[in-house]
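This report concerns only the one structure given below.
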Amino acid sequence: MKDKQDVIYLKDYQPHTHKISHSDLQFALHGTATEVTATHSVVRQIDRPESSTLTLDCERMDILSIEINGARLPASQYQQSEKTLSIFDTPNTFTLRIVNQINPSENTELSGLYQSSTMLCTQCEAEGFRRITPAIDRPDNLSTYRVTLRGDVAQFPVMLSNGNLENSEVNGSKQTVIWHDPFPKPTYLFAIVAGSLSEMRSSFRTSSNREVDLKFYASDADIEKCEYAMEALKRSMKWDEEVYGREYDLDLFNVVAVGDFNMGAMENKSLNIFNTKYVLADSDTATDTDFLNVERVVAHEYFHNWSGNRVTCRDWFQLSLKEGFTVFRDQEFSADMNSRGVQRISDVNVLRNHQFPEDAGPMAHPVRPSYYQEINNFYTVTIYEKGAEVVRMLRTLVGEEKFRAGTDLYFDRHDGQAVTTDDFVAAISDASGENLTQFQRWYSQAGTPRVEATYEYLPESKIFRIILKQSCPDTPDGEAKEPFVIPIKVSLFSQSGQKYPLHHNESEVTLRLEKNVQTVEFSEIESQPVPSVLREFTSPVILKHDLDLASAKVLFLHDDDPFNRWEAGQELYQRAIIENVGRLQNGKPCKFDPTLIEIVGKIIDDTISAAINKDGIDTSVDLALTAKLLSLPGQAWLAQQSKPIDPHAIAASHHSLSEKLADSHYTSLKKLYQILSELNEGGLSQQQMSIRELRDAVLKLLTALDVREVHKMAEVQLRDAKNMTDRASAFDSIVNSTNPNRKQLIDGFYQQWKQYPLVVDKWFRAQATSRLPNTLSQVMELSSHEAFDALNPNKVYSLIMGATHGNPTAFHQRDGEGYRFLASWVLKMDQTNPQIAARLASGFNQWQDMKSDIADAMRQSLISIRQQSALSSNVSEIVERALDE
């Protein structure tokens, strides 16, 4: 960690000495020399003698002139440092005019105003605006904006900014466009885009009968791929009106697709800027997963119009106020648009494989952090996904009706304000009448709570007891953990799979665990029940309970909660894999309980006989859920259950179980694969997507056998593909096999799709995540491939992060080359894009949990990074916290 003065603490928050209430910005656009003239209305907020100095955030620009109330300031009245511009002896109220120049073409960090291909665009969250013009660049300064864009009409025929279009005119070779946003916003929501772009136009009629123009912008080659995103936007707008009563507030909503973008998308007021990955989609180039992600991210950014823009966060410690709430909203939207049960399983998979390890590592932090060194390092799964779980628990505790009343009160009470998570919880509390004081520990305490459940059945009195204990492991902050409020949904099943009536004759109850230990009793339970605990995953905890094989089998086959049915299978798979990790470490071959193999076979056979018949598909059967039931736990989650972590043994045991399941049910799996392949028509209905998801889960299991018959199945699927989902799953199967035609098929795929950058990303990632032993050396070769561009985040995510974060076998190569490879890329990327470098560096975060020889090698690579001079604060914070023992 750097010096203490470089660390920012929540406890030190103070309002800025000044406020900018309105900004008039004029841009003379140019790729290498953009001139910005900013005129601000400034008022002093704090009446102290030292407050006469106005300190603005300011980085990487040339200041050309400064005026106050029309008078040009001498150089002695201001001082520019590396990060600030200080202006001395300012009056209480004044007009400030600053002229500065920036070079977008040199901005490889993609923060501020930068060049992407021939386009100029911005990314201002979290602290990019200070690279455009000096400003109070913090979320608690809300200002209205009028923006004038001037530039060469041939180079920049499209010029966009926030708000409504006021004027546009062309004079000779120059174009001038004026935008006005009447809604006050912080600097991080400011945006401009200028370039040669094609437009797709539609409209949406709001619940109050206003017509809103909807426009998507992309390159000529890509504009038609925006159609699905356009329809997803309309669905999002309708859903937000119906579910939250939130109507869009301007006459225009613009979305721009950008090829070079650090994040997924950005919710700038009325001008959303998207990574092309999350807005471009057609059946030829996008998989079903891509379509679902486009729908989700489009919804997420639109929902921010209220949960983030109209009501924003006071400071960056409150980031989850907007992100956690909005992720919860997009999850619920996706659940309503698709399979609710499958969506919940997907949400939990992200938590378990990414957020839980973060909670257990050196970067563990509360949903509302108490300090940070580099804010860009805190756009994390804890802030987003765990933050969403906290909001979900609030809804569970107060009920849907009171939760909606609470969100209405929150929006009404704080419209146009920058507020805190405390304000959000207070609104829910006031509307519901619930005391949520203890609940707020979810915002202030780091770590993933453990809940231990033990069960007692008293046959004489027909009473069943659940004894619940909660605890939370230590985290790097050293803070003592106080009990959380943990909602836990419970049902009880008979051994034959029937549900018992519980309190008030309900078959499901929500328990509220508030103490370290609590006991709950259920009466009139006729025989030993099978408990279904933590249904719907009502809290982001790790549940430990002694569920025997017979009970897990009942739930795996009969539980009517899709999540807990899947969870029972995951527990069975996990137990089998972890047990065989120990066997492999002791030099013994893997051995699996035949009961588990039998249960999986029953699911396969039941799917063939019940879900698919001569009349087609039984639509009451969720084939996407069946796909989840046949999928093994992620290796990142398994690693958390088996410390010290032996990634080689985990990978081997994981693969061995896949082989065993595929070999034991080979005939049935082939039959199911063939039926599903014939039913695949290539469409985008939920049913068609479910067919392909199950087919691909079956193919993935069969691929583990690496036999010629499966090789041919994948080749045929690739040859006869109806869409990119067909191609991508077949290609993954081929890449993970020793198919004799493997190299030819890989090269052929590239030649066919090399003109499509997002498909090339899939090509890179499939190879980077292959389980074959020579993968790392191939990735090294691919990093010099003609299609790989280290300045493009999507390419780095696909290839470098794919191999080092998404492929334990390659990353943990026994000679340590994977660690050296990652360290070299951290240092390389730190020279051009520290945000991406820091994300790469997080691949070392679990080193202390590894078995000793692996831990030592990973630590040495971390030290080699730390020893380099001039590390960015982004990378320095990750490395120092990882090495802090």
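To be explicit about the labels: the chains of the structure tokens are called A, B, and onward in the order shown, and within each one the residues are counted from 1, while ligands get numbers from 1 in the order they are shown.
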
Restrict the calculation to only C-alpha atoms, then for each residue of segment 380-471 of chain A with any atom at most 10 Å from an atom of segment 330-344 of chain A give the closest atom pair and their distance in Å to one decimal, rows by chain and rising residue number, as CSV.
residue,atom,partner,partner_atom,distance
A:Glu385,CA,A:Gln331,CA,9.8
A:Ala388,CA,A:Gln331,CA,8.6
A:Arg392,CA,A:Glu332,CA,9.6

Store the residues picked out above, limited to all heavy atoms, as a tab-separated table (two decimals), in the first residue's frame.
chain	number	residue	atom	x	y	z
A	385	GLU	N	-22.56	-7.50	-7.50
A	385	GLU	CA	-23.38	-8.69	-7.28
A	385	GLU	C	-23.75	-8.90	-5.81
A	385	GLU	O	-24.91	-9.21	-5.50
A	385	GLU	CB	-22.68	-9.92	-7.84
A	385	GLU	CG	-22.92	-10.13	-9.34
A	385	GLU	CD	-22.21	-9.12	-10.21
A	385	GLU	OE1	-21.22	-8.52	-9.74
A	385	GLU	OE2	-22.63	-8.92	-11.37
A	388	ALA	N	-26.30	-6.43	-4.97
A	388	ALA	CA	-27.63	-6.83	-5.43
A	388	ALA	C	-28.28	-7.81	-4.45
A	388	ALA	O	-29.49	-7.75	-4.20
A	388	ALA	CB	-27.53	-7.45	-6.81
A	392	ARG	N	-31.82	-7.64	-2.51
A	392	ARG	CA	-32.75	-8.78	-2.57
A	392	ARG	C	-33.20	-9.19	-1.18
A	392	ARG	O	-34.38	-9.48	-0.94
A	392	ARG	CB	-32.10	-9.96	-3.30
A	392	ARG	CG	-33.03	-11.15	-3.52
A	392	ARG	CD	-32.27	-12.27	-4.24
A	392	ARG	NE	-31.81	-11.84	-5.54
A	392	ARG	CZ	-32.56	-11.84	-6.64
A	392	ARG	NH1	-33.81	-12.26	-6.59
A	392	ARG	NH2	-32.06	-11.44	-7.79

Determine, counting only C-alpha atoms, which protein, DNA and RNA residues have an atom within 10 Å of an atom of Pro647 of chain A; residues of the same chain fewer than 6 positions away are not included. Present the result as a list in words.
->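 Residues meeting the cut-off are Val581, Gln635, Ala636, Leu638, Ala639, Ser653, Pro808, Thr809, Phe811, His812, Gln813, Met850, Lys851 and Ile854 of chain A.
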
For Leu623 of chain A, which residue among A:Asp593, A:Glu693, A:Glu567, A:Asp559 is the nearest when counting only C-alpha atoms?
->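 When distances to Leu623 of chain A are compared using only C-alpha atoms, the smallest one comes from A:Glu693.
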
Atomic separation - atom CA of Asn141 of chain A relative to atom CA of Leu250 of chain A, Å =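 So the answer is 21.3 Å.
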
Near segment 448-453 of chain A, 10 Å: segment 308-414 of chain A residue rows, closest pairs, only C-alpha atoms, as CSV:
residue,atom,partner,partner_atom,distance
A:Gln355,CA,A:Thr448,CA,9.0
A:Phe356,CA,A:Thr448,CA,6.5
A:Pro357,CA,A:Thr448,CA,9.2
A:Glu358,CA,A:Thr448,CA,9.5
A:Asp359,CA,A:Thr448,CA,6.1
A:Ala360,CA,A:Thr448,CA,7.6
A:Ala364,CA,A:Thr448,CA,9.6
A:Pro366,CA,A:Thr448,CA,10.0
A:Lys386,CA,A:Thr448,CA,9.6

Written file, previous selection with N, CA and C atoms, as a PDB file, in the first residue's frame:
ATOM      1  N   GLN A 355     -17.378 -13.721  -6.483  1.00  0.00           N
ATOM      2  CA  GLN A 355     -17.486 -12.847  -5.314  1.00  0.00           C
ATOM      3  C   GLN A 355     -17.031 -13.533  -4.029  1.00  0.00           C
ATOM      4  N   PHE A 356     -17.402 -14.781  -3.831  1.00  0.00           N
ATOM      5  CA  PHE A 356     -16.973 -15.474  -2.608  1.00  0.00           C
ATOM      6  C   PHE A 356     -15.448 -15.559  -2.511  1.00  0.00           C
ATOM      7  N   PRO A 357     -14.744 -15.891  -3.601  1.00  0.00           N
ATOM      8  CA  PRO A 357     -13.276 -15.846  -3.525  1.00  0.00           C
ATOM      9  C   PRO A 357     -12.752 -14.438  -3.221  1.00  0.00           C
ATOM     10  N   GLU A 358     -13.407 -13.406  -3.763  1.00  0.00           N
ATOM     11  CA  GLU A 358     -12.989 -12.039  -3.448  1.00  0.00           C
ATOM     12  C   GLU A 358     -13.152 -11.760  -1.965  1.00  0.00           C
ATOM     13  N   ASP A 359     -14.263 -12.197  -1.388  1.00  0.00           N
ATOM     14  CA  ASP A 359     -14.508 -12.028   0.047  1.00  0.00           C
ATOM     15  C   ASP A 359     -13.475 -12.765   0.894  1.00  0.00           C
ATOM     16  N   ALA A 360     -12.898 -13.819   0.329  1.00  0.00           N
ATOM     17  CA  ALA A 360     -11.933 -14.623   1.084  1.00  0.00           C
ATOM     18  C   ALA A 360     -10.493 -14.235   0.788  1.00  0.00           C
ATOM     19  N   ALA A 364     -10.791  -8.280  -0.071  1.00  0.00           N
ATOM     20  CA  ALA A 364     -12.095  -8.323   0.592  1.00  0.00           C
ATOM     21  C   ALA A 364     -12.450  -6.939   1.120  1.00  0.00           C
ATOM     22  N   PRO A 366     -16.187  -4.419   2.372  1.00  0.00           N
ATOM     23  CA  PRO A 366     -17.641  -4.393   2.534  1.00  0.00           C
ATOM     24  C   PRO A 366     -18.324  -3.879   1.269  1.00  0.00           C
ATOM     25  N   LYS A 386     -22.795  -8.749  -4.900  1.00  0.00           N
ATOM     26  CA  LYS A 386     -23.174  -8.878  -3.495  1.00  0.00           C
ATOM     27  C   LYS A 386     -24.096  -7.725  -3.101  1.00  0.00           C
TER      28      LYS A 386
END

If you count only C-alpha atoms, which residues fall within 10 Å of segment 165-172 of chain A, apart from same-chain ones fewer than 5 positions away, as a CSV table (one decimal) with C-alpha atoms, in the first residue's frame?
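The new file result23.csv reads:
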chain,number,residue,atom,x,y,z
A,146,ARG,CA,-25.0,23.0,-22.2
A,147,VAL,CA,-22.5,21.5,-24.7
A,148,THR,CA,-21.4,22.8,-28.0
A,149,LEU,CA,-19.5,20.5,-30.3
A,150,ARG,CA,-17.6,21.9,-33.3
A,151,GLY,CA,-15.6,19.9,-35.9
A,152,ASP,CA,-15.0,18.8,-39.4
A,153,VAL,CA,-18.3,17.6,-40.8
A,157,PRO,CA,-20.9,13.9,-39.2
A,159,MET,CA,-21.9,14.7,-32.8
A,160,LEU,CA,-23.7,13.6,-29.6
A,177,VAL,CA,-24.1,21.0,-32.6
A,178,ILE,CA,-25.6,22.2,-29.3
A,179,TRP,CA,-27.0,19.9,-26.6
A,180,HIS,CA,-28.7,20.8,-23.4
A,181,ASP,CA,-29.3,18.5,-20.4
A,251,ASP,CA,-37.5,13.2,-25.4
A,252,LEU,CA,-34.5,11.3,-26.7

Smallest atom-to-atom distance to Leu547 of chain A: which of A:Ala728, A:Val533, A:Met858, A:Val779, using only C-alpha atoms?
-> A:Val533

All residues 10 Å or closer to Met263 of chain A, only C-alpha atoms, same chain fewer than 2 positions away omitted, as a PyMOL selection string | chain A and resi 110+123+125+260-261+265-266+273-275+379+793-794+835-836

Go ahead and save the residues from that selection, with N, CA, C and O atoms, as an mmCIF file, in the first residue's frame.
data_model
loop_
_atom_site.group_PDB
_atom_site.id
_atom_site.type_symbol
_atom_site.label_atom_id
_atom_site.label_comp_id
_atom_site.auth_asym_id
_atom_site.auth_seq_id
_atom_site.Cartn_x
_atom_site.Cartn_y
_atom_site.Cartn_z
ATOM 1 N N LEU A 110 -8.216 4.945 -22.020
ATOM 2 C CA LEU A 110 -9.651 4.949 -22.338
ATOM 3 C C LEU A 110 -10.467 5.542 -21.197
ATOM 4 O O LEU A 110 -11.575 5.093 -20.891
ATOM 5 N N GLN A 123 -15.283 8.298 -21.549
ATOM 6 C CA GLN A 123 -15.646 7.467 -20.406
ATOM 7 C C GLN A 123 -15.219 8.246 -19.172
ATOM 8 O O GLN A 123 -14.021 8.417 -18.923
ATOM 9 N N GLU A 125 -16.710 7.859 -15.833
ATOM 10 C CA GLU A 125 -16.760 7.181 -14.538
ATOM 11 C C GLU A 125 -15.512 6.321 -14.387
ATOM 12 O O GLU A 125 -15.167 5.574 -15.303
ATOM 13 N N ASP A 260 -13.581 0.025 -28.415
ATOM 14 C CA ASP A 260 -12.540 0.077 -27.378
ATOM 15 C C ASP A 260 -13.157 0.663 -26.115
ATOM 16 O O ASP A 260 -13.412 1.874 -26.038
ATOM 17 N N PHE A 261 -13.382 -0.199 -25.117
ATOM 18 C CA PHE A 261 -14.098 0.243 -23.931
ATOM 19 C C PHE A 261 -13.693 -0.648 -22.769
ATOM 20 O O PHE A 261 -13.747 -1.875 -22.869
ATOM 21 N N ALA A 265 -20.565 -1.205 -20.273
ATOM 22 C CA ALA A 265 -21.359 -0.105 -20.821
ATOM 23 C C ALA A 265 -21.379 1.001 -19.780
ATOM 24 O O ALA A 265 -20.967 0.817 -18.637
ATOM 25 N N MET A 266 -21.891 2.175 -20.185
ATOM 26 C CA MET A 266 -21.918 3.333 -19.295
ATOM 27 C C MET A 266 -23.238 4.067 -19.443
ATOM 28 O O MET A 266 -23.667 4.365 -20.555
ATOM 29 N N ILE A 273 -23.137 4.689 -23.623
ATOM 30 C CA ILE A 273 -22.038 4.218 -24.463
ATOM 31 C C ILE A 273 -21.755 2.766 -24.100
ATOM 32 O O ILE A 273 -21.568 2.441 -22.922
ATOM 33 N N PHE A 274 -21.736 1.900 -25.108
ATOM 34 C CA PHE A 274 -21.646 0.458 -24.890
ATOM 35 C C PHE A 274 -20.405 -0.122 -25.533
ATOM 36 O O PHE A 274 -20.060 0.212 -26.676
ATOM 37 N N ASN A 275 -19.762 -1.011 -24.811
ATOM 38 C CA ASN A 275 -18.822 -1.939 -25.429
ATOM 39 C C ASN A 275 -19.602 -2.716 -26.495
ATOM 40 O O ASN A 275 -20.710 -3.199 -26.237
ATOM 41 N N TYR A 379 -14.623 -1.398 -8.603
ATOM 42 C CA TYR A 379 -15.756 -1.805 -9.428
ATOM 43 C C TYR A 379 -15.749 -3.334 -9.442
ATOM 44 O O TYR A 379 -15.315 -3.968 -10.399
ATOM 45 N N PRO A 793 -9.346 -3.709 -25.015
ATOM 46 C CA PRO A 793 -9.653 -4.492 -23.808
ATOM 47 C C PRO A 793 -10.309 -5.838 -24.099
ATOM 48 O O PRO A 793 -9.985 -6.836 -23.439
ATOM 49 N N ASN A 794 -11.211 -5.893 -25.066
ATOM 50 C CA ASN A 794 -11.886 -7.161 -25.341
ATOM 51 C C ASN A 794 -10.911 -8.251 -25.752
ATOM 52 O O ASN A 794 -11.082 -9.422 -25.388
ATOM 53 N N GLN A 835 -6.044 0.256 -15.647
ATOM 54 C CA GLN A 835 -7.269 -0.416 -15.191
ATOM 55 C C GLN A 835 -7.259 -1.881 -15.597
ATOM 56 O O GLN A 835 -7.590 -2.767 -14.794
ATOM 57 N N ILE A 836 -6.902 -2.144 -16.836
ATOM 58 C CA ILE A 836 -6.849 -3.520 -17.317
ATOM 59 C C ILE A 836 -5.716 -4.272 -16.632
ATOM 60 O O ILE A 836 -5.857 -5.442 -16.265
#

Find the residues near Ile223 of chain A: any atom within 9 Å, counting only C-alpha atoms, skip ones fewer than 6 places away on the same chain, and give them as a VMD selection string.
-> chain A and resid 197 to 200 216 to 217 257 280

Just write the chosen residues, N, CA and C atoms, as a compact mmCIF listing (two decimals), in the first residue's frame.
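Wrote result30.txt, looks like this:
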# COMPACT_ATOMS: atom_id res chain seq x y z
N LEU A 197 -20.89 7.58 -38.04
CA LEU A 197 -21.66 6.47 -37.51
C LEU A 197 -22.99 6.35 -38.26
N SER A 198 -23.46 5.13 -38.39
CA SER A 198 -24.79 4.90 -38.94
C SER A 198 -25.81 4.88 -37.81
N GLU A 199 -27.06 5.13 -38.15
CA GLU A 199 -28.10 5.30 -37.14
C GLU A 199 -29.23 4.30 -37.37
N MET A 200 -29.74 3.72 -36.26
CA MET A 200 -30.97 2.94 -36.28
C MET A 200 -31.96 3.67 -35.39
N PHE A 216 -29.89 4.22 -32.00
CA PHE A 216 -28.66 3.47 -31.80
C PHE A 216 -27.67 3.87 -32.89
N TYR A 217 -26.40 4.00 -32.51
CA TYR A 217 -25.34 4.38 -33.45
C TYR A 217 -24.25 3.32 -33.43
N ALA A 257 -22.36 2.24 -29.92
CA ALA A 257 -21.50 1.06 -29.81
C ALA A 257 -20.05 1.46 -30.08
N LEU A 280 -24.13 -5.37 -29.83
CA LEU A 280 -24.24 -5.92 -31.18
C LEU A 280 -24.57 -7.41 -31.11

If we count only C-alpha atoms, what is near Thr725 of chain A at a cut-off of 12 Å, once residues fewer than 2 positions away on the same chain are taken out, given as a PyMOL selection string?
-> chain A and resi 281-291+680-684+688-696+717-718+720-723+727-732+759+762

Residue with smallest distance to Thr804 of chain A - pool A:Ala841, A:Leu319, A:Met119, A:Ala787, counting only C-alpha atoms | A:Ala841

12 Å contact set for segment 703-714 of chain A, only C-alpha atoms, chain neighbours under 6 positions out, as an mmCIF file with N, CA and C atoms, in the first residue's frame:
data_model
loop_
_atom_site.group_PDB
_atom_site.id
_atom_site.type_symbol
_atom_site.label_atom_id
_atom_site.label_comp_id
_atom_site.auth_asym_id
_atom_site.auth_seq_id
_atom_site.Cartn_x
_atom_site.Cartn_y
_atom_site.Cartn_z
ATOM 1 N N ALA A 652 -8.189 -32.333 -12.249
ATOM 2 C CA ALA A 652 -8.183 -33.746 -12.632
ATOM 3 C C ALA A 652 -9.422 -34.461 -12.109
ATOM 4 N N HIS A 654 -12.301 -33.062 -11.301
ATOM 5 C CA HIS A 654 -13.440 -32.478 -12.018
ATOM 6 C C HIS A 654 -13.601 -33.160 -13.380
ATOM 7 N N HIS A 655 -12.503 -33.295 -14.097
ATOM 8 C CA HIS A 655 -12.552 -33.929 -15.419
ATOM 9 C C HIS A 655 -12.893 -35.409 -15.302
ATOM 10 N N SER A 656 -12.391 -36.049 -14.279
ATOM 11 C CA SER A 656 -12.645 -37.477 -14.100
ATOM 12 C C SER A 656 -14.133 -37.746 -13.871
ATOM 13 N N LEU A 657 -14.804 -36.862 -13.114
ATOM 14 C CA LEU A 657 -16.242 -37.042 -12.897
ATOM 15 C C LEU A 657 -17.004 -36.842 -14.205
ATOM 16 N N SER A 658 -16.594 -35.855 -14.991
ATOM 17 C CA SER A 658 -17.232 -35.665 -16.295
ATOM 18 C C SER A 658 -17.073 -36.917 -17.156
ATOM 19 N N GLU A 659 -15.866 -37.460 -17.172
ATOM 20 C CA GLU A 659 -15.614 -38.686 -17.940
ATOM 21 C C GLU A 659 -16.499 -39.831 -17.458
ATOM 22 N N LYS A 660 -16.604 -39.985 -16.134
ATOM 23 C CA LYS A 660 -17.384 -41.075 -15.560
ATOM 24 C C LYS A 660 -18.854 -40.947 -15.937
ATOM 25 N N LEU A 661 -19.407 -39.744 -15.823
ATOM 26 C CA LEU A 661 -20.806 -39.538 -16.165
ATOM 27 C C LEU A 661 -21.043 -39.792 -17.656
ATOM 28 N N ALA A 662 -20.139 -39.295 -18.484
ATOM 29 C CA ALA A 662 -20.300 -39.469 -19.932
ATOM 30 C C ALA A 662 -20.164 -40.937 -20.332
ATOM 31 N N ASP A 663 -19.212 -41.629 -19.741
ATOM 32 C CA ASP A 663 -18.998 -43.038 -20.075
ATOM 33 C C ASP A 663 -20.159 -43.905 -19.595
ATOM 34 N N SER A 664 -20.660 -43.615 -18.386
ATOM 35 C CA SER A 664 -21.737 -44.428 -17.808
ATOM 36 C C SER A 664 -23.050 -44.260 -18.563
ATOM 37 N N HIS A 665 -23.258 -43.080 -19.148
ATOM 38 C CA HIS A 665 -24.543 -42.804 -19.796
ATOM 39 C C HIS A 665 -24.335 -42.421 -21.276
ATOM 40 N N TYR A 666 -23.325 -43.024 -21.872
ATOM 41 C CA TYR A 666 -22.935 -42.624 -23.220
ATOM 42 C C TYR A 666 -24.087 -42.773 -24.223
ATOM 43 N N THR A 667 -24.744 -43.901 -24.193
ATOM 44 C CA THR A 667 -25.819 -44.157 -25.157
ATOM 45 C C THR A 667 -26.972 -43.175 -24.963
ATOM 46 N N LEU A 669 -26.885 -40.224 -23.479
ATOM 47 C CA LEU A 669 -26.454 -38.861 -23.797
ATOM 48 C C LEU A 669 -26.420 -38.643 -25.305
ATOM 49 N N LYS A 670 -25.940 -39.638 -26.056
ATOM 50 C CA LYS A 670 -25.929 -39.517 -27.519
ATOM 51 C C LYS A 670 -27.354 -39.399 -28.050
ATOM 52 N N LYS A 671 -28.255 -40.170 -27.481
ATOM 53 C CA LYS A 671 -29.648 -40.121 -27.924
ATOM 54 C C LYS A 671 -30.256 -38.757 -27.633
ATOM 55 N N TYR A 673 -28.649 -35.959 -27.203
ATOM 56 C CA TYR A 673 -27.991 -34.981 -28.081
ATOM 57 C C TYR A 673 -28.626 -34.991 -29.468
ATOM 58 N N GLN A 674 -28.887 -36.169 -30.009
ATOM 59 C CA GLN A 674 -29.447 -36.271 -31.350
ATOM 60 C C GLN A 674 -30.858 -35.695 -31.398
ATOM 61 N N SER A 677 -30.639 -31.924 -31.175
ATOM 62 C CA SER A 677 -30.100 -31.365 -32.419
ATOM 63 C C SER A 677 -31.182 -31.281 -33.489
ATOM 64 N N ARG A 695 -28.539 -29.179 -25.146
ATOM 65 C CA ARG A 695 -27.703 -29.898 -26.124
ATOM 66 C C ARG A 695 -26.222 -29.622 -25.865
ATOM 67 N N ASP A 696 -25.877 -28.365 -25.605
ATOM 68 C CA ASP A 696 -24.474 -28.011 -25.407
ATOM 69 C C ASP A 696 -23.934 -28.554 -24.095
ATOM 70 N N ALA A 697 -24.789 -28.653 -23.064
ATOM 71 C CA ALA A 697 -24.356 -29.267 -21.805
ATOM 72 C C ALA A 697 -24.057 -30.752 -22.020
ATOM 73 N N ASP A 720 -22.946 -27.876 -39.975
ATOM 74 C CA ASP A 720 -24.373 -27.647 -40.242
ATOM 75 C C ASP A 720 -24.981 -26.564 -39.358
ATOM 76 N N ALA A 721 -24.149 -25.756 -38.746
ATOM 77 C CA ALA A 721 -24.627 -24.779 -37.762
ATOM 78 C C ALA A 721 -25.672 -23.836 -38.346
ATOM 79 N N ASP A 726 -24.583 -22.675 -32.223
ATOM 80 C CA ASP A 726 -24.193 -23.992 -32.733
ATOM 81 C C ASP A 726 -22.697 -24.041 -33.017
ATOM 82 N N ARG A 727 -22.200 -22.994 -33.670
ATOM 83 C CA ARG A 727 -20.782 -22.973 -34.042
ATOM 84 C C ARG A 727 -19.882 -22.929 -32.804
ATOM 85 N N ALA A 728 -20.218 -22.047 -31.871
ATOM 86 C CA ALA A 728 -19.334 -21.815 -30.723
ATOM 87 C C ALA A 728 -19.227 -23.050 -29.840
ATOM 88 N N SER A 729 -20.353 -23.737 -29.582
ATOM 89 C CA SER A 729 -20.275 -24.915 -28.711
ATOM 90 C C SER A 729 -19.539 -26.050 -29.412
ATOM 91 N N ALA A 730 -19.749 -26.189 -30.715
ATOM 92 C CA ALA A 730 -19.000 -27.202 -31.461
ATOM 93 C C ALA A 730 -17.515 -26.877 -31.469
ATOM 94 N N PHE A 731 -17.201 -25.604 -31.672
ATOM 95 C CA PHE A 731 -15.799 -25.178 -31.700
ATOM 96 C C PHE A 731 -15.134 -25.410 -30.350
ATOM 97 N N ASP A 732 -15.836 -25.103 -29.253
ATOM 98 C CA ASP A 732 -15.284 -25.367 -27.918
ATOM 99 C C ASP A 732 -14.976 -26.848 -27.738
ATOM 100 N N SER A 733 -15.881 -27.694 -28.207
ATOM 101 C CA SER A 733 -15.664 -29.139 -28.102
ATOM 102 C C SER A 733 -14.419 -29.557 -28.879
ATOM 103 N N ILE A 734 -14.268 -29.016 -30.076
ATOM 104 C CA ILE A 734 -13.108 -29.357 -30.915
ATOM 105 C C ILE A 734 -11.808 -28.880 -30.260
ATOM 106 N N VAL A 735 -11.817 -27.656 -29.735
ATOM 107 C CA VAL A 735 -10.614 -27.078 -29.131
ATOM 108 C C VAL A 735 -10.192 -27.863 -27.893
ATOM 109 N N ASN A 736 -11.164 -28.471 -27.201
ATOM 110 C CA ASN A 736 -10.858 -29.237 -25.982
ATOM 111 C C ASN A 736 -10.677 -30.721 -26.271
ATOM 112 N N SER A 737 -10.335 -31.050 -27.500
ATOM 113 C CA SER A 737 -10.175 -32.457 -27.872
ATOM 114 C C SER A 737 -8.862 -32.661 -28.608
ATOM 115 N N THR A 738 -8.550 -33.935 -28.805
ATOM 116 C CA THR A 738 -7.377 -34.280 -29.619
ATOM 117 C C THR A 738 -7.808 -34.684 -31.026
ATOM 118 N N ASN A 739 -8.928 -34.157 -31.469
ATOM 119 C CA ASN A 739 -9.420 -34.372 -32.826
ATOM 120 C C ASN A 739 -8.260 -34.192 -33.819
ATOM 121 N N PRO A 740 -8.016 -35.183 -34.677
ATOM 122 C CA PRO A 740 -6.891 -35.054 -35.624
ATOM 123 C C PRO A 740 -7.045 -33.869 -36.583
ATOM 124 N N ASN A 741 -8.268 -33.373 -36.738
ATOM 125 C CA ASN A 741 -8.496 -32.223 -37.623
ATOM 126 C C ASN A 741 -8.513 -30.895 -36.839
ATOM 127 N N ARG A 742 -8.090 -30.944 -35.602
ATOM 128 C CA ARG A 742 -8.229 -29.792 -34.708
ATOM 129 C C ARG A 742 -7.619 -28.516 -35.288
ATOM 130 N N LEU A 745 -9.442 -27.166 -38.328
ATOM 131 C CA LEU A 745 -10.743 -26.587 -37.988
ATOM 132 C C LEU A 745 -10.586 -25.234 -37.284
ATOM 133 N N SER A 770 -8.819 -23.775 -23.243
ATOM 134 C CA SER A 770 -8.728 -25.206 -23.520
ATOM 135 C C SER A 770 -8.003 -25.920 -22.382
ATOM 136 N N ARG A 771 -8.453 -27.128 -22.067
ATOM 137 C CA ARG A 771 -7.830 -27.900 -20.995
ATOM 138 C C ARG A 771 -6.623 -28.699 -21.483
ATOM 139 N N LEU A 772 -6.295 -28.618 -22.744
ATOM 140 C CA LEU A 772 -5.168 -29.399 -23.261
ATOM 141 C C LEU A 772 -3.848 -28.868 -22.689
#

Counting only C-alpha atoms, which residues of segment 535-577 of chain A sit at most 8 Å from some atom of segment 490-501 of chain A, and what is each one's closest atom pair with its distance in Å to one decimal, listed by chain and rising residue number, as JSON lines?
{"residue": "A:Arg535", "atom": "CA", "partner": "A:Val490", "partner_atom": "CA", "distance": 6.1}
{"residue": "A:Ser551", "atom": "CA", "partner": "A:Gln495", "partner_atom": "CA", "distance": 7.5}
{"residue": "A:Val554", "atom": "CA", "partner": "A:Gly497", "partner_atom": "CA", "distance": 6.1}
{"residue": "A:Leu555", "atom": "CA", "partner": "A:Gly497", "partner_atom": "CA", "distance": 7.4}
{"residue": "A:His558", "atom": "CA", "partner": "A:Gly497", "partner_atom": "CA", "distance": 5.4}
{"residue": "A:Asp559", "atom": "CA", "partner": "A:Gly497", "partner_atom": "CA", "distance": 7.1}
